[in-house]
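This is start_26.txt (compact mmCIF, C-alpha atoms).
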```txt
# COMPACT_ATOMS: atom_id res chain seq x y z
CA MET N 777 103.76 86.15 84.96
CA ASN N 778 105.43 89.49 85.68
CA ALA N 779 107.45 91.12 88.45
CA LEU N 780 104.34 92.44 90.18
CA ASP N 781 102.52 89.08 90.01
CA PRO N 782 105.32 86.54 90.47
CA LEU N 783 103.20 83.63 91.68
CA SER N 784 100.14 81.72 90.56
CA LYS N 785 96.83 82.08 92.39
CA ALA N 786 97.45 78.74 94.11
CA ASP N 787 100.78 80.01 95.50
CA LYS N 788 99.15 83.23 96.75
CA ARG N 789 96.88 81.17 99.00
CA ARG N 790 99.92 79.63 100.66
CA ALA N 791 101.04 82.60 102.74
CA PRO N 792 104.48 82.34 104.33
CA GLN N 793 104.83 82.54 108.10
CA SER N 794 107.93 84.74 107.88
CA VAL N 795 109.12 87.21 105.24
CA LEU N 796 112.39 89.10 104.91
CA PHE N 797 112.68 92.12 102.61
CA LEU N 798 116.31 92.50 101.55
CA CYS N 799 118.04 95.35 99.69
CA GLY N 800 121.39 97.10 99.65
CA MET N 801 121.37 99.27 102.79
CA ASN N 802 117.96 98.81 104.46
CA ALA N 803 117.41 102.55 104.23
CA ILE N 804 114.69 102.97 101.60
CA ARG N 805 113.17 100.05 99.71
CA SER N 806 113.23 97.24 102.27
CA PRO N 807 111.99 99.24 105.30
CA MET N 808 109.30 100.77 103.10
CA ALA N 809 108.25 97.27 101.99
CA GLU N 810 108.24 96.05 105.59
CA ALA N 811 105.99 98.92 106.70
CA LEU N 812 103.58 98.35 103.82
CA ALA N 813 103.52 94.59 104.47
CA ARG N 814 102.81 95.15 108.18
CA ARG N 815 99.65 96.98 107.18
CA ALA N 816 98.62 94.40 104.57
CA LEU N 817 99.45 91.06 106.20
CA PRO N 818 98.05 89.33 109.26
CA ARG N 819 99.92 89.92 112.51
CA SER N 820 100.73 86.21 112.59
CA VAL N 821 103.23 86.70 109.74
CA PHE N 822 106.71 87.59 111.03
CA LEU N 823 108.15 90.45 108.97
CA ALA N 824 111.65 91.88 108.88
CA SER N 825 113.87 93.89 106.59
CA ALA N 826 117.62 94.18 106.28
CA GLY N 827 120.33 95.34 103.95
CA LEU N 828 123.58 93.86 102.81
CA ARG N 829 125.07 96.83 104.65
CA ALA N 830 123.43 99.09 107.21
CA GLY N 831 122.76 102.52 105.78
CA GLU N 832 121.48 105.74 107.28
CA ARG N 833 117.81 106.39 107.90
CA ASP N 834 116.39 108.35 104.96
CA PRO N 835 114.09 111.28 105.88
CA PHE N 836 112.31 111.02 102.51
CA VAL N 837 111.12 107.53 103.50
CA ASP N 838 109.61 108.93 106.69
CA ALA N 839 107.83 111.66 104.70
CA ILE N 840 106.50 109.26 102.06
CA LEU N 841 105.27 106.73 104.62
CA ASP N 842 103.65 109.51 106.67
CA GLU N 843 101.63 110.51 103.59
CA ASP N 844 100.20 106.98 103.64
CA GLY N 845 99.56 106.92 107.39
CA LEU N 846 102.57 104.69 108.11
CA THR N 847 105.70 105.11 110.20
CA LEU N 848 108.97 103.33 110.82
CA GLY N 849 108.77 104.33 114.47
CA ASP N 850 112.17 104.11 116.13
CA ARG N 851 113.42 101.51 113.65
CA HIS N 852 116.88 102.04 112.17
CA PRO N 853 118.62 100.40 109.20
CA GLN N 854 120.25 97.08 109.94
CA SER N 855 122.45 94.70 108.03
CA ILE N 856 121.63 91.06 107.45
CA GLU N 857 124.37 90.16 109.94
CA GLU N 858 122.49 92.07 112.65
CA LEU N 859 119.34 89.94 112.34
CA ALA N 860 118.78 87.63 115.29
CA ASP N 861 117.51 84.92 112.95
CA THR N 862 117.91 84.44 109.21
CA ASN N 863 115.48 81.52 108.84
CA PHE N 864 112.62 82.89 106.76
CA ASP N 865 110.05 81.14 104.61
CA LEU N 866 110.33 83.84 101.97
CA ILE N 867 113.06 86.33 101.11
CA ILE N 868 111.98 89.13 98.80
CA THR N 869 114.92 90.91 97.25
CA LEU N 870 114.66 94.44 95.92
CA SER N 871 118.05 94.93 94.26
CA PRO N 872 120.28 92.73 92.10
CA GLU N 873 123.05 92.56 94.72
CA ALA N 874 120.57 91.53 97.42
CA HIS N 875 119.11 88.89 95.13
CA HIS N 876 122.51 87.28 94.59
CA ARG N 877 123.13 87.26 98.33
CA ALA N 878 119.74 85.66 99.03
CA LEU N 879 120.43 82.93 96.50
CA GLU N 880 123.73 82.24 98.26
CA MET N 881 121.88 82.05 101.59
CA THR N 882 119.52 79.40 100.25
CA ARG N 883 122.43 77.00 99.93
CA THR N 884 122.25 76.55 103.70
CA ILE N 885 118.65 77.51 104.57
CA ALA N 886 115.33 76.42 103.10
CA ALA N 887 113.67 79.60 101.88
CA ASP N 888 111.90 80.73 98.75
CA VAL N 889 113.46 83.76 97.08
CA GLU N 890 111.59 86.25 94.91
CA TYR N 891 113.12 89.17 93.07
CA TRP N 892 111.06 92.34 92.87
CA PRO N 893 113.28 94.84 91.03
CA MET N 894 112.77 98.32 92.44
CA LEU N 895 114.45 101.50 91.26
CA ASP N 896 116.67 103.19 93.82
CA PRO N 897 115.03 106.62 94.18
CA THR N 898 118.29 108.22 95.33
CA ILE N 899 119.46 108.26 91.71
CA VAL N 900 116.79 110.87 90.93
CA SER N 901 117.90 114.48 91.18
CA GLY N 902 116.04 117.73 90.80
CA THR N 903 113.60 119.61 92.96
CA ARG N 904 112.34 118.28 96.27
CA GLU N 905 109.02 117.46 94.58
CA GLN N 906 110.76 115.48 91.81
CA ILE N 907 112.68 113.48 94.42
CA MET N 908 109.50 112.91 96.46
CA ALA N 909 107.76 111.70 93.29
CA ALA N 910 110.48 109.06 92.82
CA TYR N 911 110.02 107.86 96.41
CA ARG N 912 106.23 107.82 95.96
CA ASP N 913 106.67 105.72 92.84
CA VAL N 914 108.69 103.14 94.80
CA ARG N 915 106.06 103.14 97.56
CA GLU N 916 103.26 102.55 95.07
CA ARG N 917 105.16 99.82 93.22
CA LEU N 918 105.91 98.05 96.49
CA ALA N 919 102.28 98.32 97.61
CA ALA N 920 101.12 96.89 94.26
CA ALA N 921 103.63 94.03 94.46
CA ILE N 922 102.59 93.19 98.03
CA GLY N 923 98.93 93.22 97.01
CA ALA N 924 99.63 91.05 93.97
CA ARG N 925 101.76 88.55 95.92
CA PHE N 926 99.75 88.24 99.10
CA GLY N 927 96.29 89.35 97.98
CA LYS N 928 94.03 91.73 99.80
CA ARG N 929 93.81 90.62 103.42
CA ASN N 930 92.50 91.91 106.67
CA LYS N 931 95.17 92.22 109.37
CA THR N 932 93.04 90.12 111.71
CA ASP N 933 93.16 87.12 109.34
CA THR N 934 95.14 84.26 110.77
CA ASN N 935 95.05 81.90 107.77
```

Rewritten as C-alpha cells:
Amino acid sequence: MNALDPLSKADKRRAPQSVLFLCGMNAIRSPMAEALARRALPRSVFLASAGLRAGERDPFVDAILDEDGLTLGDRHPQSIEELADTNFDLIITLSPEAHHRALEMTRTIAADVEYWPMLDPTIVSGTREQIMAAYRDVRERLAAAIGARFGKRNKTDTN
C-alpha cells in the first residue's frame, strides 16, 4: 500500500457518494483535485473542496487546468466553515494541517479520511516554466491518486 494506492481493490469498488478535498487555503491542491475528480467520477458523486482558511485564487492553477482541458469556472476559494454541509462519506486531505483537522471532524461525523500528501507548489521559485512544472507535477500526482483510488470510470456510470 502506498500514498497513491491507499485502498485495496475491494475498497475501490465501494465508491463514496460524497467526497471533500481539504487543504490549507483551497487555492491550489484541493480545487485542482476537485476539478480532476469531476472529470473522472460519475456525476452522481457529490464533490467539494475547501481549505482550513480561504485563500486567493491562483492564476497558475487556471493555466495548468486549462492545459488539461479543465476549468474552475467562477469558483473561488472557500474555507471549511463556508461549506453548506460538512457531512461527507470521504474526506481526502492534501496537507498535514488539513489532515489533523479532518481527524478532529470525524469525532462528530462519520466519514472516512485519507491523507494524500501533496507538495505545495508555491514553495518552488525560479523561472515561470520552473514554477509551472511544479504545478504540473501536483496536477499529475493528483490525477494518478484519483485514478488509483477510484479506478478508471466513465462519467455516465452511476454505480

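The smallest atom-to-atom distance between Arg877 of chain N and any of N:Pro897, N:Ala924, N:Ile856, N:Arg915, using all atoms listed in the file, is found for N:Ile856.
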
Q. So how many Å separate atom CA of Ala839 of chain N and atom CA of Ala878 of chain N, to one decimal?
A. 29.2 Å

Q | Distance criterion (only C-alpha atoms): nearest to Ala920 of chain N out of N:Ser820, N:Pro792, N:Met894, N:Val900 | A | N:Met894

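Nearest-residue note for Leu870 of chain N: choosing from N:Ala816, N:Leu846, N:Ala824, N:Leu895, the minimum distance belongs to N:Leu895, counting only C-alpha atoms.
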
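Put simply, atom CA of Thr847 of chain N is 25.9 Å away from atom CA of His875 of chain N.
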
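Relative to atom CA of Thr869 of chain N, atom CA of Asp913 of chain N is found at 17.5 Å.
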
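Across N:Leu817, N:Leu848, N:Ala874, N:Ile868, the tightest approach to Gly800 of chain N is made by N:Ala874 when counting only C-alpha atoms.
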